[in-house]
$ cat my_file.cif   # mmCIF, C-alpha atoms
data_work
loop_
_atom_site.label_atom_id
_atom_site.label_comp_id
_atom_site.auth_asym_id
_atom_site.auth_seq_id
_atom_site.Cartn_x
_atom_site.Cartn_y
_atom_site.Cartn_z
CA MET A 1406 63.52 70.78 71.03
CA LYS A 1407 62.59 67.18 70.37
CA PRO A 1408 59.34 66.64 68.45
CA PRO A 1409 56.60 65.03 70.54
CA GLN A 1410 56.67 61.25 70.37
CA LEU A 1411 53.89 59.72 68.29
CA SER A 1412 51.69 56.99 69.66
CA ARG A 1413 51.61 53.76 67.73
CA THR A 1414 48.15 54.58 66.39
CA ASP A 1415 49.30 58.01 65.22
CA ALA A 1416 52.37 56.50 63.55
CA LEU A 1417 50.28 53.95 61.66
CA CYS A 1418 47.94 56.71 60.51
CA CYS A 1419 50.78 58.79 59.05
CA ILE A 1420 50.91 59.23 55.29
CA PRO A 1421 54.26 58.59 53.62
CA VAL A 1422 55.01 61.24 51.02
CA ARG A 1423 57.61 60.96 48.27
CA ASN A 1424 60.45 63.43 48.08
CA PRO A 1425 59.76 65.33 44.80
CA LEU A 1426 63.49 65.26 44.03
CA VAL A 1427 63.44 61.47 43.74
CA LEU A 1428 63.53 60.13 40.19
CA GLU A 1429 62.23 56.65 39.47
CA THR A 1430 63.21 54.36 36.63
CA ARG A 1431 61.43 51.09 35.96
CA LEU A 1432 63.82 48.33 34.97
CA ASP A 1433 63.08 45.52 32.53
CA SER A 1434 62.74 43.16 35.47
CA GLY A 1435 59.81 45.25 36.75
CA GLU A 1436 61.87 46.49 39.67
CA MET A 1437 62.26 50.17 40.41
CA LEU A 1438 65.48 52.16 40.51
CA LEU A 1439 65.30 55.30 42.61
CA SER A 1440 67.75 58.18 42.24
CA TYR A 1441 67.75 60.58 45.15
CA PRO A 1442 69.94 63.40 46.43
CA GLU A 1443 72.08 62.32 49.31
CA THR A 1444 70.77 63.48 52.65
CA LEU A 1445 73.57 65.10 54.60
CA LYS A 1446 74.01 64.73 58.33
CA PRO A 1447 72.97 68.00 60.00
CA TRP A 1448 76.45 68.59 61.38
CA PHE A 1449 78.01 68.04 57.95
CA ALA A 1450 75.43 70.27 56.27
CA GLY A 1451 76.38 72.97 58.81
CA ILE A 1452 80.05 72.69 57.85
CA LEU A 1453 79.13 72.96 54.16
CA ARG A 1454 77.05 76.04 54.84
CA ARG A 1455 79.96 77.67 56.67
CA MET A 1456 82.19 76.82 53.71
CA LYS A 1457 79.53 78.36 51.47
CA LYS A 1458 79.29 75.23 49.37
CA GLU A 1459 76.32 75.02 47.05
CA PRO A 1460 73.68 72.35 47.65
CA GLU A 1461 74.09 71.27 44.00
CA LEU A 1462 77.35 69.69 45.05
CA ARG A 1463 75.38 66.99 46.79
CA ARG A 1464 75.79 63.57 45.25
CA VAL A 1465 72.94 61.64 43.71
CA ARG A 1466 72.55 58.18 45.12
CA LYS A 1467 70.69 55.24 43.67
CA LEU A 1468 68.61 52.55 45.30
CA GLN A 1469 67.28 49.54 43.45
CA LEU A 1470 64.14 48.11 44.98
CA ASP A 1471 63.26 44.45 44.72
CA ILE A 1472 59.83 43.40 43.58
CA LEU A 1473 58.39 43.63 47.11
CA GLY A 1474 59.90 47.07 47.68
CA THR A 1475 58.64 48.23 44.30
CA GLY A 1476 55.12 47.18 45.29
CA VAL A 1477 55.31 49.22 48.49
CA TRP A 1478 56.88 52.21 46.67
CA GLU A 1479 53.97 52.27 44.23
CA ARG A 1480 51.61 52.48 47.19
CA VAL A 1481 53.40 55.57 48.49
CA ASP A 1482 51.04 57.90 46.67
CA GLY A 1483 50.70 60.71 49.20
CA GLU A 1484 47.22 59.52 50.12
CA SER A 1485 47.55 56.05 51.62
CA THR A 1486 48.39 55.76 55.30
CA VAL A 1487 51.04 53.39 56.63
CA MET A 1488 48.25 51.12 57.85
CA GLU A 1489 46.62 51.02 54.43
CA ILE A 1490 49.94 50.24 52.77
CA ILE A 1491 50.51 47.38 55.22
CA ASP A 1492 47.04 45.97 54.56
CA ALA A 1493 47.49 46.19 50.80
CA PHE A 1494 50.94 44.59 50.98
CA ALA A 1495 49.66 41.75 53.20
CA GLY A 1496 46.70 41.16 50.92
CA LEU A 1497 48.72 41.18 47.73
CA HIS A 1498 51.24 38.59 48.91
CA GLN A 1499 48.96 36.64 51.29
CA LEU A 1500 51.27 37.56 54.14
CA TYR A 1501 50.57 37.17 57.81
CA HIS A 1502 49.63 40.63 59.01
CA LYS A 1503 52.42 41.01 61.57
CA GLU A 1504 54.96 39.91 59.00
CA ALA A 1505 53.71 42.51 56.51
CA GLU A 1506 53.71 45.18 59.20
CA ILE A 1507 57.33 44.58 60.19
CA SER A 1508 58.50 44.42 56.57
CA VAL A 1509 56.70 47.58 55.46
CA ILE A 1510 57.68 49.60 58.53
CA GLN A 1511 61.35 48.60 58.17
CA PHE A 1512 61.25 49.49 54.49
CA LEU A 1513 59.57 52.87 55.05
CA ARG A 1514 62.01 53.64 57.86
CA GLU A 1515 64.90 52.93 55.50
CA LEU A 1516 63.40 55.17 52.80
CA GLY A 1517 62.91 57.88 55.39
CA ARG A 1518 66.49 57.55 56.62
CA ARG A 1519 67.70 58.13 53.08
CA GLY A 1520 65.41 61.12 52.62
CA ILE A 1521 63.40 59.42 49.89
CA ILE A 1522 60.12 59.87 51.74
CA GLY A 1523 58.76 61.99 54.52
CA MET A 1524 55.85 61.35 56.84
CA LYS A 1525 52.77 63.52 56.91
CA GLN A 1526 50.92 63.35 60.19
CA VAL A 1527 47.16 63.25 59.84
CA SER A 1528 45.42 65.39 62.43
CA GLY A 1529 42.45 63.94 64.26
CA MET B 1220 41.02 45.64 60.57
CA ASP B 1221 38.20 46.61 62.90
CA GLU B 1222 38.84 45.16 66.31
CA THR B 1223 35.23 45.13 67.42
CA SER B 1224 33.98 43.23 64.40
CA ASP B 1225 36.99 40.94 64.46
CA MET B 1226 36.29 39.76 68.02
CA ALA B 1227 33.96 37.17 66.52
CA ARG B 1228 36.91 35.36 64.92
CA TRP B 1229 39.02 33.31 67.30
CA GLU B 1230 42.07 31.23 66.58
CA GLU B 1231 44.28 28.83 68.44
CA LEU B 1232 47.66 29.79 69.87
CA ALA B 1233 49.95 27.06 71.20
CA TRP B 1234 53.53 27.51 72.23
CA ASN B 1235 55.94 25.48 74.34
CA GLY B 1236 53.44 23.62 76.46
CA ILE B 1237 50.51 26.02 76.71
CA ALA B 1238 47.60 26.55 74.36
CA PHE B 1239 44.50 28.71 74.28
CA GLN B 1240 42.20 30.43 71.85
CA LYS B 1241 42.35 34.17 71.34
CA PRO B 1242 40.58 36.79 69.27
CA SER B 1243 42.27 36.75 65.88
CA CYS B 1244 42.95 40.49 66.11
CA TRP B 1245 45.14 39.88 69.16
CA GLU B 1246 48.46 39.20 67.50
CA ILE B 1247 51.71 38.04 68.99
CA ALA B 1248 53.73 41.16 69.77
CA THR B 1249 56.54 39.46 71.70
CA LEU B 1250 57.42 35.80 71.89
CA GLY B 1251 59.86 34.22 74.33
CA ARG B 1252 60.52 30.64 75.28
CA ASN B 1253 58.01 30.83 78.17
CA TYR B 1254 56.45 34.18 77.48
CA LEU B 1255 53.95 35.74 75.10
CA MET B 1256 52.61 39.24 74.73
CA LEU B 1257 49.53 39.71 72.61
CA GLY B 1258 48.12 42.97 71.40
CA THR B 1259 45.97 44.64 68.86
CA ARG B 1260 47.61 46.85 66.26
CA THR B 1261 47.87 49.64 68.75
CA ASP B 1262 47.66 48.34 72.32
CA PRO B 1263 48.91 45.42 74.38
CA ARG B 1264 46.02 43.25 75.58
CA MET B 1265 47.57 40.39 77.50
CA GLU B 1266 50.80 38.78 78.60
CA ILE B 1267 51.36 35.25 79.76
CA SER B 1268 54.44 33.66 81.26
CA TRP B 1269 54.61 30.12 82.52
CA GLY B 1270 56.89 27.66 84.26
CA SER B 1271 57.63 24.00 83.84
CA PRO B 1272 55.31 21.27 85.07
CA CYS B 1273 56.21 20.15 88.57
CA GLN B 1274 56.18 16.52 89.70
CA THR B 1275 55.52 17.20 93.36
CA PRO B 1276 52.41 19.18 94.21
CA SER B 1277 52.52 21.19 97.40
CA ARG B 1278 49.85 23.05 99.33
CA HIS B 1279 52.13 26.02 99.75
CA ARG B 1280 53.28 26.01 96.18
CA HIS B 1281 50.44 28.15 94.91
CA LEU B 1282 51.05 30.77 97.60
CA LYS B 1283 54.72 30.82 96.69
CA GLN B 1284 53.81 31.26 93.04
CA LEU B 1285 51.56 34.15 93.97
CA GLN B 1286 54.36 35.83 95.92
CA ALA B 1287 56.76 35.24 93.04
CA ALA B 1288 54.24 36.74 90.61
CA ARG B 1289 53.85 39.79 92.83
CA ARG B 1290 57.64 40.22 93.00
CA SER B 1291 57.91 39.74 89.23
CA LEU B 1292 55.23 42.35 88.56
CA GLY B 1293 56.91 44.75 90.98
CA ARG B 1294 60.20 44.34 89.11
CA ARG B 1295 58.70 44.73 85.67
CA LYS B 1296 56.42 47.61 86.55
CA PRO B 1297 58.45 49.72 89.01
CA GLY B 1298 56.48 52.08 91.17
CA LEU B 1299 53.29 50.12 90.59
CA SER B 1300 51.18 49.19 93.58
CA VAL B 1301 50.06 45.58 93.14
CA ASP B 1302 47.11 44.51 95.28
CA ASP B 1303 45.28 41.28 95.88
CA TRP B 1304 42.20 41.05 93.75
CA ASN B 1305 39.25 38.69 93.56
CA PRO B 1306 38.84 37.60 89.96
CA PRO B 1307 35.28 37.52 88.59
CA GLN B 1308 33.53 34.23 89.22
CA ARG B 1309 33.20 33.58 85.50
CA TRP B 1310 37.00 33.69 85.19
CA LEU B 1311 37.32 31.10 87.95
CA ASP B 1312 34.55 28.99 86.44
CA ALA B 1313 36.49 28.97 83.18
CA LEU B 1314 39.40 27.24 84.93
CA PRO B 1315 37.81 24.33 86.79
CA THR B 1316 41.02 22.30 86.97
CA HIS B 1317 43.25 25.14 88.14
CA GLU B 1318 43.86 27.00 91.35
CA ALA B 1319 43.66 30.70 90.60
CA SER B 1320 44.41 33.92 92.46
CA GLY B 1321 44.20 37.49 91.27
CA LEU B 1322 46.28 40.64 91.47
CA SER B 1323 45.45 44.08 90.20
CA TRP B 1324 47.07 47.48 89.70
CA LYS B 1325 46.09 50.90 88.47
CA ASN B 1326 47.46 53.55 86.07
CA PRO B 1327 47.30 51.94 83.62
CA ALA B 1328 44.77 49.48 84.98
CA GLY B 1329 45.43 45.80 84.65
CA ASN B 1330 44.64 42.46 86.20
CA ALA B 1331 46.82 39.45 86.71
CA LEU B 1332 45.81 35.89 87.31
CA VAL B 1333 48.14 33.30 88.77
CA VAL B 1334 46.94 29.83 87.86
CA SER B 1335 48.37 26.47 88.70
CA CYS B 1336 47.14 23.29 87.14
CA THR B 1337 45.99 20.66 89.62
CA SER B 1338 46.98 17.98 87.13
CA CYS B 1339 50.49 18.95 85.98
CA ASN B 1340 51.24 21.61 88.64
CA ARG B 1341 52.42 24.05 86.02
CA ALA B 1342 52.07 27.68 87.13
CA SER B 1343 51.15 30.42 84.69
CA LEU B 1344 50.80 34.14 85.12
CA PHE B 1345 48.25 35.94 82.96
CA GLN B 1346 48.13 39.73 82.75
CA PHE B 1347 45.21 41.40 81.03
CA TYR B 1348 44.93 45.00 79.91
CA PRO B 1349 41.40 46.19 79.19
CA GLY B 1350 41.11 48.83 76.49
CA SER B 1351 40.43 52.34 77.80
CA SER B 1352 37.09 52.52 75.98
CA GLU B 1353 36.15 48.88 76.54
CA ASP B 1354 33.12 47.83 78.50
CA THR B 1355 34.30 45.99 81.64
CA ASP B 1356 31.64 43.33 81.45
CA GLN B 1357 32.41 42.66 77.79
CA PHE B 1358 36.09 42.39 78.65
CA HIS B 1359 35.38 39.88 81.43
CA VAL B 1360 33.31 37.76 79.03
CA LEU B 1361 36.14 37.83 76.52
CA VAL B 1362 38.76 36.85 79.11
CA SER B 1363 36.63 34.06 80.53
CA ARG B 1364 36.17 32.65 77.03
CA LEU B 1365 39.92 32.75 76.52
CA LEU B 1366 40.59 31.12 79.89
CA SER B 1367 38.06 28.36 79.23
CA THR B 1368 40.22 27.22 76.30
CA PHE B 1369 43.48 27.32 78.25
CA ARG B 1370 45.48 24.06 78.26
CA ASP B 1371 48.86 23.68 79.90
CA HIS B 1372 49.76 20.06 79.35
CA ALA B 1373 49.94 17.77 76.37
CA GLU B 1374 47.13 15.38 75.62
CA ASN B 1375 47.62 11.91 74.09
CA GLY B 1376 51.38 12.44 74.16
CA ARG B 1377 51.14 14.97 71.34
CA ARG B 1378 51.73 18.68 71.59
CA LEU B 1379 50.36 21.42 69.39
CA TRP B 1380 52.51 24.32 68.21
CA ALA B 1381 50.51 27.11 66.60
CA VAL B 1382 52.05 30.56 66.30
CA PHE B 1383 51.61 33.22 63.64
CA ASP B 1384 50.44 31.26 60.61
CA VAL B 1385 52.14 27.93 61.21
CA ARG B 1386 50.65 24.95 62.96
CA ALA B 1387 52.39 21.69 63.84
CA ILE B 1388 51.77 18.71 66.08
CA LEU B 1389 54.78 16.90 67.50
CA PRO B 1390 55.24 14.22 70.13
CA ALA B 1391 55.26 15.82 73.58
CA THR B 1392 58.80 14.55 74.15
CA PHE B 1393 60.13 17.03 71.58
CA GLN B 1394 61.61 20.10 73.24
CA ILE B 1395 62.13 23.32 71.38
CA ARG B 1396 65.81 24.22 71.20
CA SER B 1397 65.83 27.34 69.08
CA TYR B 1398 63.47 29.38 66.96
CA GLN B 1399 63.47 32.34 64.62
CA PHE B 1400 60.49 34.31 63.39
CA SER B 1401 61.38 37.04 60.96
CA PRO B 1402 59.54 38.54 58.00
CA GLY B 1403 59.58 35.96 55.25
CA TYR B 1404 61.30 33.24 57.27
CA MET B 1405 60.39 31.13 60.27
CA ALA B 1406 62.33 28.23 61.75
CA MET B 1407 61.85 26.06 64.81
CA ASP B 1408 64.32 23.39 65.96
CA PHE B 1409 63.11 20.59 68.19
CA PHE B 1410 65.14 17.93 69.93
CA THR B 1411 64.42 14.63 71.51
CA LYS B 1412 66.78 11.80 72.29
CA GLY B 1413 69.03 11.27 69.27
CA LEU B 1414 66.75 13.20 66.92
CA LYS B 1415 66.56 16.78 65.76
CA MET B 1416 63.50 17.94 63.87
CA SER B 1417 63.43 21.35 62.20
CA LEU B 1418 60.41 23.07 60.74
CA TYR B 1419 60.80 25.92 58.27
CA ARG B 1420 58.43 28.27 56.54
CA TRP B 1421 59.11 30.88 53.86
CA SER B 1422 56.83 33.44 52.25
CA PRO B 1423 55.72 34.81 49.88
CA ALA B 1424 56.40 31.81 47.67
CA SER B 1425 55.31 33.67 44.55
CA VAL B 1426 58.23 36.05 44.99
CA LEU B 1427 60.75 33.46 46.18
CA LEU B 1428 59.94 31.17 43.29
CA ALA B 1429 59.65 33.92 40.68
CA GLY B 1430 61.54 32.79 37.59
CA ARG B 1431 62.68 29.56 39.19
CA LYS B 1432 61.36 26.25 40.39
CA LEU B 1433 61.25 24.57 43.78
CA PRO B 1434 64.50 22.59 43.17
CA ASP B 1435 66.32 25.86 42.43
CA PHE B 1436 65.01 27.35 45.66
CA ALA B 1437 65.95 24.19 47.57
CA GLY B 1438 69.42 24.32 46.08
CA SER B 1439 69.95 27.76 47.57
CA LEU B 1440 69.27 26.57 51.12
CA PRO B 1441 72.29 26.21 53.42
CA PHE B 1442 71.23 22.72 54.46
CA TYR B 1443 70.59 21.49 50.93
CA PRO B 1444 71.85 17.90 50.97
CA GLY B 1445 73.66 18.08 47.66
CA SER B 1446 73.35 16.43 44.32
CA THR B 1447 74.29 12.95 45.52
CA SER B 1448 71.06 12.47 47.43
CA GLU B 1449 67.94 10.93 46.08
CA THR B 1450 65.17 13.22 44.90
CA ILE B 1451 61.54 12.20 44.85
CA GLY B 1452 58.49 14.28 44.26
CA ASP B 1453 56.40 16.41 41.97
CA ALA B 1454 56.66 20.08 41.02
CA ASN B 1455 55.47 21.26 44.43
CA ARG B 1456 57.10 18.63 46.63
CA MET B 1457 60.67 17.37 46.99
CA GLU B 1458 62.19 14.91 49.37
CA TRP B 1459 65.69 13.73 50.19
CA GLU B 1460 66.94 11.03 52.47
CA ILE B 1461 70.55 10.40 53.26
CA SER B 1462 71.74 7.51 55.38
CA PRO B 1463 75.20 5.99 55.75
CA SER B 1464 75.72 2.64 54.09
CA CYS B 1465 74.77 -0.47 56.01
CA SER B 1466 78.25 -1.99 55.92
CA LEU B 1467 79.78 -2.95 59.26
CA PRO B 1468 82.58 -0.32 59.20
CA ALA B 1469 80.04 2.39 58.36
CA ARG B 1470 77.80 1.27 61.21
CA ILE B 1471 80.71 1.30 63.64
CA ALA B 1472 81.72 4.76 62.41
CA ALA B 1473 78.14 5.91 62.84
CA PHE B 1474 78.03 4.49 66.37
CA LEU B 1475 81.24 6.27 67.33
CA SER B 1476 80.38 9.54 65.65
CA THR B 1477 78.82 12.38 67.64
CA ARG B 1478 77.21 13.77 64.50
CA PHE B 1479 73.76 12.99 63.19
CA LEU B 1480 74.35 10.85 60.12
CA HIS B 1481 70.79 10.21 58.99
CA HIS B 1482 69.12 13.14 57.26
CA ARG B 1483 65.72 13.50 55.78
CA LEU B 1484 64.30 16.63 54.22
CA LEU B 1485 60.97 17.40 52.67
CA ILE B 1486 60.10 20.71 51.01
CA ARG B 1487 56.71 21.58 49.66
CA HIS B 1488 55.16 24.58 48.03
CA VAL B 1489 51.71 25.25 49.44
CA THR B 1490 50.13 27.18 46.60
CA GLU B 1491 46.89 27.91 48.49
CA THR B 1492 48.66 29.95 51.17
CA ASN B 1493 51.61 31.11 49.02
CA ARG B 1494 54.12 29.53 51.43
CA ILE B 1495 57.00 27.10 51.25
CA LEU B 1496 57.24 24.61 54.11
CA ALA B 1497 60.11 22.30 54.93
CA ILE B 1498 60.64 19.58 57.51
CA ARG B 1499 64.12 18.33 58.17
CA SER B 1500 65.21 15.53 60.47
CA GLU B 1501 68.71 14.67 61.60
CA SER B 1502 69.23 11.58 63.71
CA ARG B 1503 71.62 8.91 64.86
CA GLU B 1504 69.30 6.10 63.83
CA PRO B 1505 67.10 6.22 60.74
CA VAL B 1506 64.09 8.35 61.60
CA ASP B 1507 60.83 6.48 62.08
CA ALA B 1508 59.07 6.90 58.72
CA ASN B 1509 55.62 6.93 60.33
CA LEU B 1510 56.67 9.65 62.74
CA PHE B 1511 58.16 11.76 59.96
CA ASP B 1512 55.12 11.33 57.75
CA GLN B 1513 52.79 12.21 60.62
CA ILE B 1514 54.72 15.42 61.34
CA VAL B 1515 54.65 16.28 57.64
CA ALA B 1516 50.90 15.70 57.56
CA ASP B 1517 50.32 17.85 60.65
CA TYR B 1518 52.59 20.73 59.63
CA GLU B 1519 50.59 23.38 57.84
CA THR B 1520 50.09 27.07 57.38
CA THR B 1521 46.86 28.89 57.78
CA ALA B 1522 45.67 31.33 55.18
CA ALA B 1523 46.41 34.96 55.99
#
$ encode --input "my_file.cif" --output "structure tokens"
Amino acid sequence: MKPPQLSRTDALCCIPVRNPLVLETRLDSGEMLLSYPETLKPWFAGILRRMKKEPELRRVRKLQLDILGTGVWERVDGESTVMEIIDAFAGLHQLYHKEAEISVIQFLRELGRRGIIGMKQVSG
Amino acid sequence: MDETSDMARWEELAWNGIAFQKPSCWEIATLGRNYLMLGTRTDPRMEISWGSPCQTPSRHRHLKQLQAARRSLGRRKPGLSVDDWNPPQRWLDALPTHEASGLSWKNPAGNALVVSCTSCNRASLFQFYPGSSEDTDQFHVLVSRLLSTFRDHAENGRRLWAVFDVRAILPATFQIRSYQFSPGYMAMDFFTKGLKMSLYRWSPASVLLAGRKLPDFAGSLPFYPGSTSETIGDANRMEWEISPSCSLPARIAAFLSTRFLHHRLLIRHVTETNRILAIRSESREPVDANLFDQIVADYETTAA
């Protein structure tokens, strides 16, 4: 069954949460390097399960964030909502709000697609 | 951002022939050549689409525009019952130089206003969406304030362009040819006879210029004129101008060529707003220096 679709307000009030399996390394440039276990497609994970392959066989992937991405990653603290991260990002770089919103949402979506973060829905 | 408290702040929006003031918390959600949708962070609040000015006014034109608006709404909102509607008097009072007619629909509720300017005969279709918890009277006051600032033709031969955080004034003869608004980069190309004028804006400058200077950034641009051109300016401002030589063969070649041979480019780092702005002209004849300088002076970004 498909999960119920979130309204825009609900989506902006979600809290991004880091995957505890993600390792972060700060580079000399100040940028962040994330190492994360590869997220398998559900159909491929099913095949692996049938073949009784261990999850440890999953590859570790790396993602280097630029300075803007690093700033957003640091705000993903398990407490700040998407809206708060957008506001902080816009304020820090003097960005036009819409521009910050699009950038941050695209970035968080990409992190979510890779399984680096999840979204916690805040009730009420 | 609290919408209620932010209603006190209004800002100008001007795009392709129309201009009005709006609450600053109503941001552009969708932008087309002759279309704008504005909304708060969570809800759409208004749409506007508009046509070209018409030379020949007609008594029946407004009725035709109303019918066209009704058809357009029916297409875009299938299954919606659109009815005639008498707009509040304060809305009509806000548009003394326009003919206006109203339409309304329910679920979700909305009102449309078809206005045609008695001066330029341009027709525009406004659609307003009151918030579910919004006081109707307060909403009508807000809309009438917005409508009272509505302008749909250029004044003094100059036209304002003000979208997102950029603001420019160009001669009214300049037509927009293409535009791009993406995070970090905005570009608008304008054309008039024999002249192309492009306006660019990058942000955040602090990140783009981290570890390098403005000339390094300029050198990375696809339209960078190259090292042969002349460079003038200070640390936050650079300018190039390239023109073919004045010899007779060069002038004949320039006359026969279909390409723009005169180029002028100015890039500046606006430290106050953390932006980089650029103005670029390409033309058959050398661009009028006064015109270029005026556009440079009028092109600015507003603080976020």
$ resolve_selection --input "my_file.cif" --expression "the PyMOL selection byres ((chain B) within 10 of (chain A))" --output "PyMOL selection string"
chain B and resi 1220+1244+1246-1248+1260-1262+1383-1385+1400-1404+1422-1426+1429+1491-1494+1521-1523
$ write_last_selection --input "my_file.cif" --atoms "C-alpha atoms" --output "PDB file, in the frame of the given file"
ATOM      1  CA  MET B1220      41.020  45.640  60.570  1.00  0.00           C
ATOM      2  CA  CYS B1244      42.950  40.490  66.110  1.00  0.00           C
ATOM      3  CA  GLU B1246      48.460  39.200  67.500  1.00  0.00           C
ATOM      4  CA  ILE B1247      51.710  38.040  68.990  1.00  0.00           C
ATOM      5  CA  ALA B1248      53.730  41.160  69.770  1.00  0.00           C
ATOM      6  CA  ARG B1260      47.610  46.850  66.260  1.00  0.00           C
ATOM      7  CA  THR B1261      47.870  49.640  68.750  1.00  0.00           C
ATOM      8  CA  ASP B1262      47.660  48.340  72.320  1.00  0.00           C
ATOM      9  CA  PHE B1383      51.610  33.220  63.640  1.00  0.00           C
ATOM     10  CA  ASP B1384      50.440  31.260  60.610  1.00  0.00           C
ATOM     11  CA  VAL B1385      52.140  27.930  61.210  1.00  0.00           C
ATOM     12  CA  PHE B1400      60.490  34.310  63.390  1.00  0.00           C
ATOM     13  CA  SER B1401      61.380  37.040  60.960  1.00  0.00           C
ATOM     14  CA  PRO B1402      59.540  38.540  58.000  1.00  0.00           C
ATOM     15  CA  GLY B1403      59.580  35.960  55.250  1.00  0.00           C
ATOM     16  CA  TYR B1404      61.300  33.240  57.270  1.00  0.00           C
ATOM     17  CA  SER B1422      56.830  33.440  52.250  1.00  0.00           C
ATOM     18  CA  PRO B1423      55.720  34.810  49.880  1.00  0.00           C
ATOM     19  CA  ALA B1424      56.400  31.810  47.670  1.00  0.00           C
ATOM     20  CA  SER B1425      55.310  33.670  44.550  1.00  0.00           C
ATOM     21  CA  VAL B1426      58.230  36.050  44.990  1.00  0.00           C
ATOM     22  CA  ALA B1429      59.650  33.920  40.680  1.00  0.00           C
ATOM     23  CA  GLU B1491      46.890  27.910  48.490  1.00  0.00           C
ATOM     24  CA  THR B1492      48.660  29.950  51.170  1.00  0.00           C
ATOM     25  CA  ASN B1493      51.610  31.110  49.020  1.00  0.00           C
ATOM     26  CA  ARG B1494      54.120  29.530  51.430  1.00  0.00           C
ATOM     27  CA  THR B1521      46.860  28.890  57.780  1.00  0.00           C
ATOM     28  CA  ALA B1522      45.670  31.330  55.180  1.00  0.00           C
ATOM     29  CA  ALA B1523      46.410  34.960  55.990  1.00  0.00           C
TER      30      ALA B1523
END
$ resolve_selection --input "my_file.cif" --expression "the PyMOL selection byres ((chain A and resi 1421-1433) around 9)" --output "PyMOL selection string"
chain A and resi 1419-1420+1434-1442+1478+1481-1487+1513+1517+1520-1526
$ atom_distance --input "my_file.cif" --atom1 "atom CA of Ser1351 of chain B" --atom2 "atom CA of Trp1269 of chain B"
26.8 Å
$ axis_aligned_box --input "my_file.cif" --around "segment 1497-1505 of chain B" --padding-each-side "6 Å" --output "lines of an AutoDock Vina configuration file"
center_x = 65.9
center_y = 14.2
center_z = 59.9
size_x = 23.5
size_y = 28.2
size_z = 21.9
$ atom_distance --input "my_file.cif" --atom1 "atom CA of Trp1310 of chain B" --atom2 "atom CA of Glu1230 of chain B"
19.4 Å
$ resolve_selection --input "my_file.cif" --expression "the PyMOL selection byres ((chain B and resi 1457) around 9)" --output "PyMOL selection string"
chain B and resi 1433-1434+1437+1450-1456+1458-1459+1484-1487
$ atom_distance --input "my_file.cif" --atom1 "atom CA of Ser1268 of chain B" --atom2 "atom CA of Thr1355 of chain B"
23.6 Å
$ closest_residue --input "my_file.cif" --among "B:Ser1320, B:Pro1306, B:Tyr1398, B:Gln1346" --to "Met1256 of chain B" --atoms "all atoms listed in the file"
B:Gln1346
$ closest_residue --input "my_file.cif" --among "B:Met1405, B:Leu1250, B:Val1362, B:Ala1288" --to "Val1333 of chain B" --atoms "only C-alpha atoms"
B:Ala1288
$ closest_residue --input "my_file.cif" --among "A:Val1477, A:Phe1512, A:Glu1443, A:Gly1451" --to "Arg1464 of chain A" --atoms "only C-alpha atoms"
A:Glu1443
